[in-house]
Amino acid sequence: MPALRRLSRATAIYLILAAVLLAAGVFAVRQGPAAGLLPEAAWGDWRSQEVLHWSAHIRVSTWAHAAEAEIHMGKAESITLKAYGEDAHATTSMDPTAFTLTPDGKLTGRELPAAG
């Protein structure tokens with residue numbers, strides 16, 4: 001009988017540990033950096049958007065709170081933003097512009113004063 005108690009206690013500990021790990025994994029995929037590991041089927045179609053004088057292609061995940069954007073100025077410069085659970089920010093170097101991408105796919109940009 002004591003062996004049965006130890007086995008059930010150990011089983012309960014393993015089940016609790018598995019539940020905690022599963023919850024942490026779901027959180028990491030829904031709002032953390034693991035959203036980048038989602039399969040292509042988890043992402044919506046790319047949509048095009050013009051932000052200031054930059055061309056942007058944006059897609060939003062249908063499984064997680066995440067969005068990705070590829071921003072280009074011709075072939076001169078390009079940046080990639082990945083908003084996995086929180087806003088992503090980047091500044092271009094050639095033509096100083098600051099971009100912000102939200103996990104719901106909203107991309108905004110603002111021109112910065114030229115360094116000089």
# chains A, B, ... in the order shown; residues from 1 in each chain; ligands from 1
$ residues_around --residues "region 94-107 of chain A" --least-positions-apart "4" --cutoff "9 Å" --atoms "only C-alpha atoms" --output "MDAnalysis selection string"
chainID A and resid 31 49 51:52 56 58:61 64:69 76:77 81:90 111:115
$ atom_distance --atom1 "CA of Thr91 (chain A)" --atom2 "CA of Trp54 (chain A)"
12.4 Å
$ atom_distance --atom1 "CA of Gly109 (chain A)" --atom2 "CA of Ile71 (chain A)"
10.6 Å
$ closest_residue --among "A:Ser78, A:Glu50, A:Thr62, A:Arg9" --to "Thr108 (chain A)" --atoms "only C-alpha atoms"
A:Glu50
$ residues_around --residues "Glu70 (chain A)" --least-positions-apart "3" --cutoff "6 Å" --atoms "only C-alpha atoms" --output "PyMOL selection string"
chain A and resi 56-57+79-80
$ write_last_selection --atoms "N, CA, C and O atoms" --output "JSON list (two decimals), in the first residue's frame"
[["chain", "number", "residue", "atom", "x", "y", "z"],
["A", 56, "ALA", "N", 5.67, 48.37, -47.52],
["A", 56, "ALA", "CA", 5.64, 47.38, -46.43],
["A", 56, "ALA", "C", 4.74, 46.21, -46.81],
["A", 56, "ALA", "O", 3.72, 46.38, -47.47],
["A", 57, "HIS", "N", 5.15, 45.03, -46.39],
["A", 57, "HIS", "CA", 4.36, 43.82, -46.53],
["A", 57, "HIS", "C", 4.17, 43.27, -45.11],
["A", 57, "HIS", "O", 5.15, 43.04, -44.40],
["A", 79, "ILE", "N", 14.13, 46.39, -43.80],
["A", 79, "ILE", "CA", 14.16, 45.95, -42.40],
["A", 79, "ILE", "C", 12.99, 45.00, -42.18],
["A", 79, "ILE", "O", 12.02, 45.01, -42.92],
["A", 80, "THR", "N", 13.12, 44.17, -41.17],
["A", 80, "THR", "CA", 12.08, 43.23, -40.80],
["A", 80, "THR", "C", 11.70, 43.48, -39.35],
["A", 80, "THR", "O", 12.58, 43.59, -38.49]]
$ atom_distance --atom1 "CA of Ser8 (chain A)" --atom2 "CA of Val20 (chain A)"
18.3 Å
$ select_by_dssp --residues "region 6-115 of chain A" --states "alpha helix (DSSP H)" --output "count of residues only"
26
